[in-house]
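Heads up, structure.txt below (compact mmCIF, N, CA and C atoms and all ligand atoms):
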# COMPACT_ATOMS: atom_id res chain seq x y z
N MET A 1 15.44 -22.02 18.45
CA MET A 1 16.12 -21.18 17.46
C MET A 1 16.18 -19.75 17.97
N LYS A 2 17.35 -19.14 17.81
CA LYS A 2 17.55 -17.78 18.29
C LYS A 2 16.81 -16.81 17.37
N LYS A 3 16.11 -15.90 17.99
CA LYS A 3 15.36 -14.94 17.20
C LYS A 3 16.31 -13.89 16.64
N ARG A 4 16.12 -13.59 15.36
CA ARG A 4 17.01 -12.62 14.73
C ARG A 4 16.63 -11.22 15.17
N GLN A 5 17.67 -10.42 15.26
CA GLN A 5 17.46 -9.04 15.67
C GLN A 5 16.89 -8.24 14.52
N PHE A 6 15.96 -7.37 14.83
CA PHE A 6 15.37 -6.52 13.80
C PHE A 6 16.35 -5.41 13.45
N VAL A 7 16.68 -5.33 12.17
CA VAL A 7 17.58 -4.28 11.69
C VAL A 7 16.77 -3.37 10.77
N PRO A 8 16.63 -2.09 11.13
CA PRO A 8 15.84 -1.21 10.27
C PRO A 8 16.48 -1.06 8.90
N PRO A 9 15.68 -1.07 7.84
CA PRO A 9 16.26 -0.93 6.50
C PRO A 9 16.84 0.46 6.28
N THR A 10 17.86 0.50 5.43
CA THR A 10 18.45 1.79 5.08
C THR A 10 17.43 2.59 4.26
N PRO A 11 17.60 3.91 4.20
CA PRO A 11 16.66 4.72 3.38
C PRO A 11 16.59 4.25 1.94
N GLN A 12 17.73 3.81 1.39
CA GLN A 12 17.72 3.32 0.01
C GLN A 12 16.87 2.06 -0.11
N MET A 13 17.05 1.16 0.84
CA MET A 13 16.28 -0.08 0.80
C MET A 13 14.80 0.20 1.05
N LEU A 14 14.54 1.15 1.95
CA LEU A 14 13.15 1.51 2.22
C LEU A 14 12.48 2.07 0.97
N ALA A 15 13.24 2.85 0.20
CA ALA A 15 12.71 3.40 -1.04
C ALA A 15 12.38 2.28 -2.02
N LYS A 16 13.22 1.25 -2.07
CA LYS A 16 12.96 0.11 -2.96
C LYS A 16 11.70 -0.63 -2.53
N ILE A 17 11.53 -0.77 -1.22
CA ILE A 17 10.35 -1.45 -0.70
C ILE A 17 9.09 -0.66 -1.08
N ARG A 18 9.14 0.65 -0.89
CA ARG A 18 7.98 1.49 -1.23
C ARG A 18 7.69 1.44 -2.72
N LYS A 19 8.76 1.45 -3.53
CA LYS A 19 8.58 1.41 -4.98
C LYS A 19 7.93 0.09 -5.40
N ALA A 20 8.37 -1.00 -4.80
CA ALA A 20 7.80 -2.30 -5.12
C ALA A 20 6.33 -2.34 -4.77
N GLU A 21 5.96 -1.72 -3.65
CA GLU A 21 4.55 -1.69 -3.25
C GLU A 21 3.72 -0.91 -4.26
N LEU A 22 4.30 0.18 -4.79
CA LEU A 22 3.57 0.97 -5.79
C LEU A 22 3.52 0.24 -7.13
N ASP A 23 4.58 -0.50 -7.45
CA ASP A 23 4.66 -1.17 -8.74
C ASP A 23 3.57 -2.23 -8.92
N VAL A 24 3.16 -2.86 -7.84
CA VAL A 24 2.20 -3.95 -7.97
C VAL A 24 0.76 -3.47 -7.95
N VAL A 25 0.56 -2.15 -7.74
CA VAL A 25 -0.81 -1.64 -7.76
C VAL A 25 -1.39 -1.85 -9.15
N GLY A 26 -2.55 -2.47 -9.23
CA GLY A 26 -3.18 -2.72 -10.52
C GLY A 26 -2.81 -4.05 -11.13
N HIS A 27 -1.81 -4.72 -10.58
CA HIS A 27 -1.45 -6.05 -11.09
C HIS A 27 -2.38 -7.09 -10.47
N ASN A 28 -2.63 -8.12 -11.26
CA ASN A 28 -3.37 -9.24 -10.70
C ASN A 28 -2.45 -10.04 -9.80
N GLN A 29 -3.00 -10.58 -8.74
CA GLN A 29 -2.22 -11.44 -7.88
C GLN A 29 -2.93 -12.76 -7.71
N ARG A 30 -2.15 -13.77 -7.44
CA ARG A 30 -2.75 -15.08 -7.24
C ARG A 30 -2.03 -15.76 -6.09
N ASN A 31 -2.79 -16.59 -5.43
CA ASN A 31 -2.24 -17.31 -4.29
C ASN A 31 -1.63 -18.62 -4.75
N ILE A 32 -0.46 -18.90 -4.29
CA ILE A 32 0.16 -20.19 -4.54
C ILE A 32 0.00 -21.01 -3.27
N MET A 33 -0.66 -22.15 -3.43
CA MET A 33 -0.93 -22.98 -2.27
C MET A 33 0.25 -23.90 -1.99
N CYS A 34 0.50 -24.12 -0.73
CA CYS A 34 1.51 -25.08 -0.32
C CYS A 34 1.03 -26.48 -0.71
N PRO A 35 1.84 -27.24 -1.43
CA PRO A 35 1.40 -28.57 -1.85
C PRO A 35 1.30 -29.57 -0.70
N TYR A 36 1.87 -29.22 0.44
CA TYR A 36 1.88 -30.15 1.57
C TYR A 36 0.69 -29.94 2.49
N CYS A 37 0.42 -28.67 2.82
CA CYS A 37 -0.67 -28.43 3.78
C CYS A 37 -1.84 -27.69 3.14
N ARG A 38 -1.73 -27.36 1.85
CA ARG A 38 -2.83 -26.77 1.09
C ARG A 38 -3.23 -25.40 1.59
N ARG A 39 -2.35 -24.79 2.35
CA ARG A 39 -2.63 -23.42 2.74
C ARG A 39 -1.81 -22.47 1.89
N ARG A 40 -2.12 -21.19 1.97
CA ARG A 40 -1.44 -20.24 1.10
C ARG A 40 0.02 -20.13 1.47
N ALA A 41 0.90 -20.42 0.51
CA ALA A 41 2.33 -20.33 0.77
C ALA A 41 2.83 -18.93 0.44
N ILE A 42 2.52 -18.45 -0.76
CA ILE A 42 2.96 -17.12 -1.17
C ILE A 42 1.91 -16.49 -2.08
N ILE A 43 2.08 -15.21 -2.33
CA ILE A 43 1.27 -14.49 -3.32
C ILE A 43 2.23 -14.06 -4.43
N VAL A 44 1.86 -14.35 -5.67
CA VAL A 44 2.67 -13.87 -6.79
C VAL A 44 1.84 -12.93 -7.64
N PHE A 45 2.51 -11.99 -8.26
CA PHE A 45 1.85 -11.05 -9.15
C PHE A 45 2.06 -11.48 -10.59
N ASP A 46 1.21 -10.92 -11.47
CA ASP A 46 1.19 -11.46 -12.84
C ASP A 46 2.44 -11.14 -13.65
N ASP A 47 3.34 -10.33 -13.11
CA ASP A 47 4.58 -10.09 -13.85
C ASP A 47 5.71 -11.00 -13.37
N ALA A 48 5.39 -11.92 -12.49
CA ALA A 48 6.42 -12.84 -11.99
C ALA A 48 6.61 -13.98 -12.97
N SER A 49 7.85 -14.42 -13.09
CA SER A 49 8.14 -15.56 -13.95
C SER A 49 9.36 -16.29 -13.39
N GLY A 50 9.59 -17.46 -13.90
CA GLY A 50 10.74 -18.23 -13.45
C GLY A 50 10.39 -19.14 -12.28
N HIS A 51 11.40 -19.46 -11.52
CA HIS A 51 11.22 -20.36 -10.39
C HIS A 51 11.48 -19.61 -9.10
N ILE A 52 10.78 -20.01 -8.08
CA ILE A 52 11.05 -19.46 -6.75
C ILE A 52 11.14 -20.62 -5.77
N GLN A 53 11.94 -20.40 -4.74
CA GLN A 53 12.00 -21.37 -3.66
C GLN A 53 11.48 -20.68 -2.42
N THR A 54 10.59 -21.33 -1.73
CA THR A 54 10.03 -20.71 -0.55
C THR A 54 9.83 -21.76 0.53
N ARG A 55 9.75 -21.28 1.76
CA ARG A 55 9.42 -22.16 2.88
C ARG A 55 8.04 -21.79 3.36
N CYS A 56 7.18 -22.78 3.41
CA CYS A 56 5.82 -22.53 3.87
C CYS A 56 5.84 -22.14 5.34
N LYS A 57 5.18 -21.02 5.65
CA LYS A 57 5.21 -20.56 7.04
C LYS A 57 4.24 -21.33 7.92
N HIS A 58 3.38 -22.14 7.29
CA HIS A 58 2.42 -22.92 8.08
C HIS A 58 3.01 -24.25 8.52
N CYS A 59 3.60 -24.99 7.54
CA CYS A 59 4.09 -26.32 7.87
C CYS A 59 5.61 -26.40 7.86
N GLY A 60 6.28 -25.36 7.35
CA GLY A 60 7.73 -25.32 7.41
C GLY A 60 8.44 -26.07 6.30
N LYS A 61 7.69 -26.66 5.36
CA LYS A 61 8.32 -27.38 4.26
C LYS A 61 8.85 -26.40 3.23
N GLU A 62 9.96 -26.77 2.62
CA GLU A 62 10.49 -25.97 1.52
C GLU A 62 10.03 -26.56 0.20
N VAL A 63 9.69 -25.68 -0.73
CA VAL A 63 9.23 -26.16 -2.02
C VAL A 63 9.71 -25.20 -3.09
N ILE A 64 10.07 -25.75 -4.25
CA ILE A 64 10.42 -24.94 -5.41
C ILE A 64 9.22 -24.95 -6.35
N ILE A 65 8.82 -23.77 -6.76
CA ILE A 65 7.63 -23.64 -7.59
C ILE A 65 8.02 -23.01 -8.92
N ASP A 66 7.58 -23.63 -10.01
CA ASP A 66 7.75 -23.08 -11.35
C ASP A 66 6.57 -22.15 -11.60
N LEU A 67 6.83 -20.87 -11.63
CA LEU A 67 5.72 -19.91 -11.73
C LEU A 67 5.05 -19.96 -13.09
N VAL A 68 5.78 -20.37 -14.13
CA VAL A 68 5.19 -20.41 -15.47
C VAL A 68 4.20 -21.57 -15.57
N ASN A 69 4.61 -22.71 -15.12
CA ASN A 69 3.75 -23.88 -15.24
C ASN A 69 2.95 -24.16 -13.97
N MET A 70 3.23 -23.38 -12.91
CA MET A 70 2.48 -23.48 -11.67
C MET A 70 2.48 -24.89 -11.12
N ARG A 71 3.63 -25.47 -11.14
CA ARG A 71 3.69 -26.82 -10.58
C ARG A 71 4.97 -26.96 -9.79
N ARG A 72 4.95 -27.95 -8.94
CA ARG A 72 6.14 -28.23 -8.16
C ARG A 72 7.17 -28.90 -9.06
N THR A 73 8.41 -28.54 -8.90
CA THR A 73 9.43 -29.19 -9.70
C THR A 73 10.34 -30.06 -8.84
N ARG A 74 10.37 -29.82 -7.56
CA ARG A 74 11.24 -30.64 -6.71
C ARG A 74 10.67 -30.68 -5.30
N ARG A 75 10.79 -31.82 -4.69
CA ARG A 75 10.35 -31.96 -3.31
C ARG A 75 11.53 -31.93 -2.37
N PHE A 76 11.28 -31.57 -1.14
CA PHE A 76 12.32 -31.60 -0.11
C PHE A 76 11.91 -32.56 0.99
ZN ZN B 1 2.64 -25.89 4.07
Give the structure from the file, written as structure tokens.
Ligand SMILES: [Zn+2]
Amino acid sequence: MKKRQFVPPTPQMLAKIRKAELDVVGHNQRNIMCPYCRRRAIIVFDDASGHIQTRCKHCGKEVIIDLVNMRRTRRF
């Protein structure tokens, strides 16, 4: 697979990134484990809700996670 070129974020995007980092200060975070390899797939903060789709960086499987019920809703 061809490695993607690093593109520096625009100042506006950088400001959003910095703001997001400040926003989560003081929030509880929890680790969501990959259901396939049982390693940490992502970290979510307590203001997160809804569904997310992520690819586990350890085993490469994609999984959709329902953040409210903390369960897998679909397998790939
Ligand atoms: Zn995994």
Please, what distance in Å, to one decimal, runs between atom CA of A:Thr54 and atom CA of A:Gln29?
->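 For atom CA of A:Thr54 relative to atom CA of A:Gln29, the distance reads 17.0 Å.
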Could you list, as a VMD selection string, all the residues within 10 Å of ligand ZN 1 (chain B), counting only C-alpha atoms and all ligand atoms?
-> chain A and resid 33 to 41 55 to 63
Take the residues just selected and output them with N, CA and C atoms as a PDB file, in the frame of the given file.
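Okay, this is what ended up in part21.pdb:
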ATOM      1  N   MET A  33      -0.660 -22.150  -3.430  1.00  0.00           N
ATOM      2  CA  MET A  33      -0.930 -22.980  -2.270  1.00  0.00           C
ATOM      3  C   MET A  33       0.250 -23.900  -1.990  1.00  0.00           C
ATOM      4  N   CYS A  34       0.500 -24.120  -0.730  1.00  0.00           N
ATOM      5  CA  CYS A  34       1.510 -25.080  -0.320  1.00  0.00           C
ATOM      6  C   CYS A  34       1.030 -26.480  -0.710  1.00  0.00           C
ATOM      7  N   PRO A  35       1.840 -27.240  -1.430  1.00  0.00           N
ATOM      8  CA  PRO A  35       1.400 -28.570  -1.850  1.00  0.00           C
ATOM      9  C   PRO A  35       1.300 -29.570  -0.700  1.00  0.00           C
ATOM     10  N   TYR A  36       1.870 -29.220   0.440  1.00  0.00           N
ATOM     11  CA  TYR A  36       1.880 -30.150   1.570  1.00  0.00           C
ATOM     12  C   TYR A  36       0.690 -29.940   2.490  1.00  0.00           C
ATOM     13  N   CYS A  37       0.420 -28.670   2.820  1.00  0.00           N
ATOM     14  CA  CYS A  37      -0.670 -28.430   3.780  1.00  0.00           C
ATOM     15  C   CYS A  37      -1.840 -27.690   3.140  1.00  0.00           C
ATOM     16  N   ARG A  38      -1.730 -27.360   1.850  1.00  0.00           N
ATOM     17  CA  ARG A  38      -2.830 -26.770   1.090  1.00  0.00           C
ATOM     18  C   ARG A  38      -3.230 -25.400   1.590  1.00  0.00           C
ATOM     19  N   ARG A  39      -2.350 -24.790   2.350  1.00  0.00           N
ATOM     20  CA  ARG A  39      -2.630 -23.420   2.740  1.00  0.00           C
ATOM     21  C   ARG A  39      -1.810 -22.470   1.890  1.00  0.00           C
ATOM     22  N   ARG A  40      -2.120 -21.190   1.970  1.00  0.00           N
ATOM     23  CA  ARG A  40      -1.440 -20.240   1.100  1.00  0.00           C
ATOM     24  C   ARG A  40       0.020 -20.130   1.470  1.00  0.00           C
ATOM     25  N   ALA A  41       0.900 -20.420   0.510  1.00  0.00           N
ATOM     26  CA  ALA A  41       2.330 -20.330   0.770  1.00  0.00           C
ATOM     27  C   ALA A  41       2.830 -18.930   0.440  1.00  0.00           C
ATOM     28  N   ARG A  55       9.750 -21.280   1.760  1.00  0.00           N
ATOM     29  CA  ARG A  55       9.420 -22.160   2.880  1.00  0.00           C
ATOM     30  C   ARG A  55       8.040 -21.790   3.360  1.00  0.00           C
ATOM     31  N   CYS A  56       7.180 -22.780   3.410  1.00  0.00           N
ATOM     32  CA  CYS A  56       5.820 -22.530   3.870  1.00  0.00           C
ATOM     33  C   CYS A  56       5.840 -22.140   5.340  1.00  0.00           C
ATOM     34  N   LYS A  57       5.180 -21.020   5.650  1.00  0.00           N
ATOM     35  CA  LYS A  57       5.210 -20.560   7.040  1.00  0.00           C
ATOM     36  C   LYS A  57       4.240 -21.330   7.920  1.00  0.00           C
ATOM     37  N   HIS A  58       3.380 -22.140   7.290  1.00  0.00           N
ATOM     38  CA  HIS A  58       2.420 -22.920   8.080  1.00  0.00           C
ATOM     39  C   HIS A  58       3.010 -24.250   8.520  1.00  0.00           C
ATOM     40  N   CYS A  59       3.600 -24.990   7.540  1.00  0.00           N
ATOM     41  CA  CYS A  59       4.090 -26.320   7.870  1.00  0.00           C
ATOM     42  C   CYS A  59       5.610 -26.400   7.860  1.00  0.00           C
ATOM     43  N   GLY A  60       6.280 -25.360   7.350  1.00  0.00           N
ATOM     44  CA  GLY A  60       7.730 -25.320   7.410  1.00  0.00           C
ATOM     45  C   GLY A  60       8.440 -26.070   6.300  1.00  0.00           C
ATOM     46  N   LYS A  61       7.690 -26.660   5.360  1.00  0.00           N
ATOM     47  CA  LYS A  61       8.320 -27.380   4.260  1.00  0.00           C
ATOM     48  C   LYS A  61       8.850 -26.400   3.230  1.00  0.00           C
ATOM     49  N   GLU A  62       9.960 -26.770   2.620  1.00  0.00           N
ATOM     50  CA  GLU A  62      10.490 -25.970   1.520  1.00  0.00           C
ATOM     51  C   GLU A  62      10.030 -26.560   0.200  1.00  0.00           C
ATOM     52  N   VAL A  63       9.690 -25.680  -0.730  1.00  0.00           N
ATOM     53  CA  VAL A  63       9.230 -26.160  -2.020  1.00  0.00           C
ATOM     54  C   VAL A  63       9.710 -25.200  -3.090  1.00  0.00           C
TER      55      VAL A  63
END
Any idea what the distance is between atom N of A:Phe45 and atom C of A:Leu22?
-> 12.3 Å
Would you kindly return, as a list in words, each protein, DNA or RNA residue with an atom no farther than 6.5 Å from any atom of A:Val44, considering all atoms listed in the file and excluding same-chain residues fewer than 3 positions away?
->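 Final neighbour list, sorted by chain and number: Asn28, Gln29, Arg30, Asn31, Ile32, Asp47 and Ala48 of chain A.
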Atom pair atom N of A:Asn69 + atom N of A:Ser49, distance 9.1 Å
Can you list, as a PyMOL selection string, all residues belonging to stretch 24-66 of chain A that DSSP tags as strand (DSSP E)?
-> chain A and resi 29-33+40-45+51-55+62-66
DSSP helix (DSSP H, G or I) residues within chain A, as an MDAnalysis selection string | chainID A and resid 11:23
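The nearest approach to A:Gln53 among the residues A:Val25, A:Val7, A:Ile65, A:Ala20, with only C-alpha atoms taken into account, belongs to A:Ile65.
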